[in-house]
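Shown next: final.tsv, given as TSV, N, CA, C and O atoms.
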chain	number	residue	atom	x	y	z
O	1	MET	N	30.18	14.48	2.17
O	1	MET	CA	29.02	13.77	1.73
O	1	MET	C	27.99	14.82	1.31
O	1	MET	O	27.85	15.85	1.97
O	2	SER	N	27.32	14.56	0.25
O	2	SER	CA	26.35	15.49	-0.30
O	2	SER	C	25.02	14.77	-0.46
O	2	SER	O	24.98	13.65	-0.97
O	3	THR	N	23.95	15.43	-0.03
O	3	THR	CA	22.61	14.85	-0.19
O	3	THR	C	21.71	15.86	-0.89
O	3	THR	O	21.89	17.07	-0.78
O	4	ALA	N	20.75	15.34	-1.61
O	4	ALA	CA	19.78	16.16	-2.33
O	4	ALA	C	18.45	16.16	-1.59
O	4	ALA	O	18.02	15.13	-1.07
O	5	GLU	N	17.81	17.31	-1.53
O	5	GLU	CA	16.57	17.44	-0.77
O	5	GLU	C	15.50	16.44	-1.19
O	5	GLU	O	14.81	15.86	-0.35
O	6	PHE	N	15.35	16.22	-2.49
O	6	PHE	CA	14.28	15.35	-2.98
O	6	PHE	C	14.79	13.99	-3.45
O	6	PHE	O	14.19	13.36	-4.32
O	7	ASP	N	15.87	13.53	-2.85
O	7	ASP	CA	16.43	12.22	-3.18
O	7	ASP	C	15.81	11.19	-2.24
O	7	ASP	O	15.80	11.39	-1.02
O	8	PRO	N	15.29	10.09	-2.75
O	8	PRO	CA	14.72	9.08	-1.86
O	8	PRO	C	15.76	8.48	-0.90
O	8	PRO	O	15.41	7.90	0.11
O	9	LEU	N	17.04	8.66	-1.21
O	9	LEU	CA	18.11	8.15	-0.35
O	9	LEU	C	18.66	9.22	0.59
O	9	LEU	O	19.64	8.97	1.30
O	10	ARG	N	18.06	10.39	0.63
O	10	ARG	CA	18.56	11.50	1.44
O	10	ARG	C	18.75	11.13	2.90
O	10	ARG	O	19.81	11.35	3.48
O	11	ASP	N	17.72	10.57	3.53
O	11	ASP	CA	17.80	10.26	4.95
O	11	ASP	C	18.88	9.24	5.26
O	11	ASP	O	19.57	9.35	6.28
O	12	GLU	N	19.07	8.28	4.37
O	12	GLU	CA	20.13	7.30	4.56
O	12	GLU	C	21.51	7.95	4.47
O	12	GLU	O	22.42	7.62	5.23
O	13	GLY	N	21.66	8.89	3.56
O	13	GLY	CA	22.93	9.62	3.42
O	13	GLY	C	23.24	10.44	4.66
O	13	GLY	O	24.38	10.47	5.13
O	14	ILE	N	22.23	11.11	5.20
O	14	ILE	CA	22.41	11.90	6.41
O	14	ILE	C	22.77	10.99	7.59
O	14	ILE	O	23.69	11.27	8.36
O	15	ALA	N	22.06	9.88	7.72
O	15	ALA	CA	22.33	8.94	8.81
O	15	ALA	C	23.74	8.37	8.69
O	15	ALA	O	24.45	8.22	9.71
O	16	TYR	N	24.18	8.08	7.49
O	16	TYR	CA	25.53	7.55	7.28
O	16	TYR	C	26.58	8.58	7.71
O	16	TYR	O	27.55	8.24	8.39
O	17	ALA	N	26.39	9.83	7.31
O	17	ALA	CA	27.33	10.88	7.69
O	17	ALA	C	27.38	11.03	9.21
O	17	ALA	O	28.46	11.19	9.79
O	18	LEU	N	26.24	10.95	9.87
O	18	LEU	CA	26.21	11.05	11.34
O	18	LEU	C	26.92	9.87	11.99
O	18	LEU	O	27.64	10.04	12.98
O	19	ARG	N	26.75	8.68	11.43
O	19	ARG	CA	27.46	7.51	11.97
O	19	ARG	C	28.98	7.65	11.80
O	19	ARG	O	29.75	7.28	12.69
O	20	LEU	N	29.40	8.18	10.68
O	20	LEU	CA	30.83	8.42	10.47
O	20	LEU	C	31.36	9.40	11.52
O	20	LEU	O	32.42	9.18	12.11
O	21	LEU	N	30.62	10.48	11.75
O	21	LEU	CA	31.03	11.46	12.76
O	21	LEU	C	31.10	10.83	14.15
O	21	LEU	O	32.05	11.07	14.90
O	22	GLN	N	30.11	10.02	14.49
O	22	GLN	CA	30.09	9.36	15.79
O	22	GLN	C	31.27	8.40	15.94
O	22	GLN	O	31.75	8.18	17.05
O	23	ALA	N	31.76	7.87	14.84
O	23	ALA	CA	32.91	6.96	14.87
O	23	ALA	C	34.23	7.72	14.86
O	23	ALA	O	35.29	7.11	14.85
O	24	GLY	N	34.15	9.04	14.85
O	24	GLY	CA	35.36	9.85	14.89
O	24	GLY	C	35.99	10.09	13.53
O	24	GLY	O	37.13	10.53	13.44
O	25	ILE	N	35.25	9.81	12.48
O	25	ILE	CA	35.76	10.02	11.12
O	25	ILE	C	35.35	11.41	10.66
O	25	ILE	O	34.16	11.74	10.68
O	26	PRO	N	36.31	12.24	10.27
O	26	PRO	CA	35.94	13.59	9.82
O	26	PRO	C	35.11	13.52	8.53
O	26	PRO	O	35.46	12.80	7.60
O	27	VAL	N	34.02	14.24	8.53
O	27	VAL	CA	33.13	14.25	7.37
O	27	VAL	C	32.43	15.60	7.28
O	27	VAL	O	32.18	16.24	8.30
O	28	GLU	N	32.19	16.04	6.08
O	28	GLU	CA	31.36	17.23	5.84
O	28	GLU	C	30.06	16.73	5.21
O	28	GLU	O	30.09	15.90	4.32
O	29	LEU	N	28.95	17.27	5.68
O	29	LEU	CA	27.65	16.94	5.11
O	29	LEU	C	27.08	18.19	4.47
O	29	LEU	O	26.95	19.22	5.12
O	30	HIS	N	26.75	18.09	3.20
O	30	HIS	CA	26.17	19.20	2.46
O	30	HIS	C	24.79	18.77	1.96
O	30	HIS	O	24.67	17.79	1.23
O	31	GLN	N	23.77	19.51	2.37
O	31	GLN	CA	22.38	19.25	1.95
O	31	GLN	C	22.02	20.32	0.93
O	31	GLN	O	22.13	21.51	1.22
O	32	TRP	N	21.59	19.90	-0.25
O	32	TRP	CA	21.29	20.84	-1.34
O	32	TRP	C	19.78	20.98	-1.52
O	32	TRP	O	19.12	20.11	-2.08
O	33	PRO	N	19.22	22.10	-1.05
O	33	PRO	CA	17.78	22.35	-1.18
O	33	PRO	C	17.35	22.42	-2.65
O	33	PRO	O	18.08	22.94	-3.50
O	34	GLY	N	16.19	21.87	-2.92
O	34	GLY	CA	15.61	21.95	-4.26
O	34	GLY	C	16.21	20.99	-5.28
O	34	GLY	O	15.84	21.04	-6.44
O	35	THR	N	17.14	20.13	-4.85
O	35	THR	CA	17.77	19.22	-5.79
O	35	THR	C	17.19	17.81	-5.68
O	35	THR	O	16.49	17.50	-4.72
O	36	PHE	N	17.50	16.98	-6.64
O	36	PHE	CA	17.00	15.60	-6.69
O	36	PHE	C	18.16	14.68	-7.04
O	36	PHE	O	19.23	15.15	-7.46
O	37	HIS	N	17.97	13.40	-6.90
O	37	HIS	CA	19.02	12.42	-7.19
O	37	HIS	C	19.46	12.57	-8.65
O	37	HIS	O	18.65	12.50	-9.56
O	38	GLY	N	20.74	12.82	-8.84
O	38	GLY	CA	21.26	12.98	-10.19
O	38	GLY	C	21.21	14.39	-10.73
O	38	GLY	O	21.63	14.63	-11.86
O	39	SER	N	20.73	15.33	-9.95
O	39	SER	CA	20.59	16.70	-10.47
O	39	SER	C	21.93	17.36	-10.77
O	39	SER	O	21.99	18.30	-11.56
O	40	LEU	N	23.00	16.86	-10.18
O	40	LEU	CA	24.32	17.41	-10.47
O	40	LEU	C	24.67	17.25	-11.95
O	40	LEU	O	25.46	18.02	-12.49
O	41	ALA	N	24.07	16.29	-12.62
O	41	ALA	CA	24.33	16.06	-14.04
O	41	ALA	C	23.78	17.19	-14.93
O	41	ALA	O	24.17	17.31	-16.09
O	42	VAL	N	22.89	18.01	-14.39
O	42	VAL	CA	22.33	19.14	-15.14
O	42	VAL	C	23.27	20.33	-14.94
O	42	VAL	O	23.00	21.22	-14.14
O	43	MET	N	24.38	20.31	-15.65
O	43	MET	CA	25.44	21.29	-15.40
O	43	MET	C	25.06	22.72	-15.80
O	43	MET	O	25.74	23.66	-15.39
O	44	SER	N	23.99	22.91	-16.54
O	44	SER	CA	23.57	24.27	-16.88
O	44	SER	C	22.84	24.95	-15.72
O	44	SER	O	22.66	26.16	-15.73
O	45	ALA	N	22.47	24.18	-14.69
O	45	ALA	CA	21.76	24.74	-13.54
O	45	ALA	C	22.75	25.42	-12.59
O	45	ALA	O	23.83	24.88	-12.30
O	46	ASP	N	22.39	26.59	-12.09
O	46	ASP	CA	23.24	27.31	-11.15
O	46	ASP	C	23.57	26.47	-9.92
O	46	ASP	O	24.70	26.47	-9.45
O	47	VAL	N	22.57	25.76	-9.41
O	47	VAL	CA	22.80	24.96	-8.21
O	47	VAL	C	23.81	23.86	-8.47
O	47	VAL	O	24.62	23.52	-7.61
O	48	SER	N	23.80	23.29	-9.65
O	48	SER	CA	24.78	22.25	-10.00
O	48	SER	C	26.18	22.82	-10.05
O	48	SER	O	27.14	22.18	-9.59
O	49	GLN	N	26.32	24.01	-10.57
O	49	GLN	CA	27.63	24.65	-10.61
O	49	GLN	C	28.12	24.97	-9.21
O	49	GLN	O	29.31	24.79	-8.91
O	50	ARG	N	27.22	25.42	-8.32
O	50	ARG	CA	27.60	25.67	-6.92
O	50	ARG	C	27.97	24.37	-6.23
O	50	ARG	O	28.93	24.32	-5.46
O	51	GLN	N	27.21	23.31	-6.51
O	51	GLN	CA	27.52	22.00	-5.92
O	51	GLN	C	28.90	21.54	-6.32
O	51	GLN	O	29.68	21.10	-5.47
O	52	LEU	N	29.20	21.61	-7.59
O	52	LEU	CA	30.49	21.16	-8.08
O	52	LEU	C	31.63	21.97	-7.45
O	52	LEU	O	32.65	21.41	-7.03
O	53	ALA	N	31.43	23.28	-7.35
O	53	ALA	CA	32.45	24.13	-6.74
O	53	ALA	C	32.64	23.77	-5.27
O	53	ALA	O	33.78	23.68	-4.79
O	54	GLU	N	31.57	23.52	-4.54
O	54	GLU	CA	31.68	23.18	-3.13
O	54	GLU	C	32.27	21.79	-2.94
O	54	GLU	O	33.08	21.57	-2.03
O	55	LEU	N	31.89	20.85	-3.76
O	55	LEU	CA	32.46	19.51	-3.66
O	55	LEU	C	33.96	19.53	-3.96
O	55	LEU	O	34.75	18.86	-3.28
O	56	THR	N	34.36	20.32	-4.93
O	56	THR	CA	35.78	20.46	-5.24
O	56	THR	C	36.53	21.09	-4.07
O	56	THR	O	37.61	20.64	-3.69
O	57	ALA	N	35.95	22.12	-3.48
O	57	ALA	CA	36.57	22.78	-2.33
O	57	ALA	C	36.68	21.82	-1.14
O	57	ALA	O	37.70	21.80	-0.44
O	58	ALA	N	35.65	21.02	-0.90
O	58	ALA	CA	35.68	20.06	0.21
O	58	ALA	C	36.77	19.01	-0.02
O	58	ALA	O	37.49	18.64	0.92
O	59	LEU	N	36.91	18.56	-1.25
O	59	LEU	CA	37.95	17.58	-1.56
O	59	LEU	C	39.34	18.19	-1.35
O	59	LEU	O	40.23	17.55	-0.78
O	60	ARG	N	39.50	19.43	-1.77
O	60	ARG	CA	40.79	20.12	-1.55
O	60	ARG	C	41.10	20.23	-0.06
O	60	ARG	O	42.24	20.02	0.36
O	61	ARG	N	40.09	20.60	0.74
O	61	ARG	CA	40.30	20.71	2.19
O	61	ARG	C	40.71	19.36	2.77
O	61	ARG	O	41.61	19.27	3.59
O	62	ALA	N	40.03	18.31	2.36
O	62	ALA	CA	40.32	16.98	2.90
O	62	ALA	C	41.72	16.52	2.51
O	62	ALA	O	42.43	15.92	3.33
O	63	LEU	N	42.13	16.79	1.30
O	63	LEU	CA	43.45	16.35	0.84
O	63	LEU	C	44.57	17.20	1.44
O	63	LEU	O	45.71	16.73	1.51
O	64	ALA	N	44.25	18.40	1.88
O	64	ALA	CA	45.26	19.28	2.46
O	64	ALA	C	45.58	18.87	3.90
O	64	ALA	O	46.62	19.25	4.43
O	65	GLU	N	44.72	18.10	4.53
O	65	GLU	CA	44.93	17.71	5.93
O	65	GLU	C	45.98	16.64	6.06
O	65	GLU	O	46.23	15.83	5.27

Represent the structure contained in this file as structure tokens.
Amino acid sequence: MSTAEFDPLRDEGIAYALRLLQAGIPVELHQWPGTFHGSLAVMSADVSQRQLAELTAALRRALAE
């Protein structure tokens, strides 16, 4: 799960990830400082490229289990 620092839904995303963990569901939570809802769409930004790389790596880890 990925949340953006300046996303109005950030706290809900964090709470959801914590509930999943409490239910015994494996989850990774990634908080991206300085980002906003939809900022991943700005692919020219360094942070967006790092986000995409980390999200891809997390998906690979999850599928390898």

Quick one: everything within 7 Å of Glu5 (chain O), counting only N, CA, C and O atoms, minus sequence neighbours fewer than 4 positions away in the same chain. Send it as number ranges by chain. O: 10, 31-37

Skipping near chain neighbours, those fewer than 5 positions away, what residues fall within 7 Å of region 11-28 of chain O using only N, CA, C and O atoms, listed as a ChimeraX atom specification? /O:1-4

Selection export as an mmCIF file, keeping the file's coordinate frame, atoms kept: N, CA, C and O atoms:
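So part30.cif came out as:
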data_model
loop_
_atom_site.group_PDB
_atom_site.id
_atom_site.type_symbol
_atom_site.label_atom_id
_atom_site.label_comp_id
_atom_site.auth_asym_id
_atom_site.auth_seq_id
_atom_site.Cartn_x
_atom_site.Cartn_y
_atom_site.Cartn_z
ATOM 1 N N MET O 1 30.180 14.480 2.170
ATOM 2 C CA MET O 1 29.020 13.770 1.730
ATOM 3 C C MET O 1 27.990 14.820 1.310
ATOM 4 O O MET O 1 27.850 15.850 1.970
ATOM 5 N N SER O 2 27.320 14.560 0.250
ATOM 6 C CA SER O 2 26.350 15.490 -0.300
ATOM 7 C C SER O 2 25.020 14.770 -0.460
ATOM 8 O O SER O 2 24.980 13.650 -0.970
ATOM 9 N N THR O 3 23.950 15.430 -0.030
ATOM 10 C CA THR O 3 22.610 14.850 -0.190
ATOM 11 C C THR O 3 21.710 15.860 -0.890
ATOM 12 O O THR O 3 21.890 17.070 -0.780
ATOM 13 N N ALA O 4 20.750 15.340 -1.610
ATOM 14 C CA ALA O 4 19.780 16.160 -2.330
ATOM 15 C C ALA O 4 18.450 16.160 -1.590
ATOM 16 O O ALA O 4 18.020 15.130 -1.070
#

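Picture a line from CA of Ser39 (chain O) to atom C of Ala62 (chain O); it runs 24.8 Å.
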
May I have the centre and edge lengths, in Å to one decimal, of an axis-aligned box around the listed atoms of region 18-27 of chain O with 5 Å added to every side, as lines of an AutoDock Vina configuration file?
center_x = 31.7
center_y = 11.6
center_z = 12.2
size_x = 20.9
size_y = 19.3
size_z = 19.8

DSSP-assigned strand (DSSP E or B) among chain O, expressed as a list of chain:residue names: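 Those in chain O that DSSP calls strand (DSSP E or B) are O:Ser2, O:Thr3, O:Ala4, O:His30, O:Gln31, O:Trp32.
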
Considering only alpha helix (DSSP H) as DSSP defines it on the backbone, what residues of chain O qualify? List them as a PyMOL selection string. chain O and resi 10-22+46-64
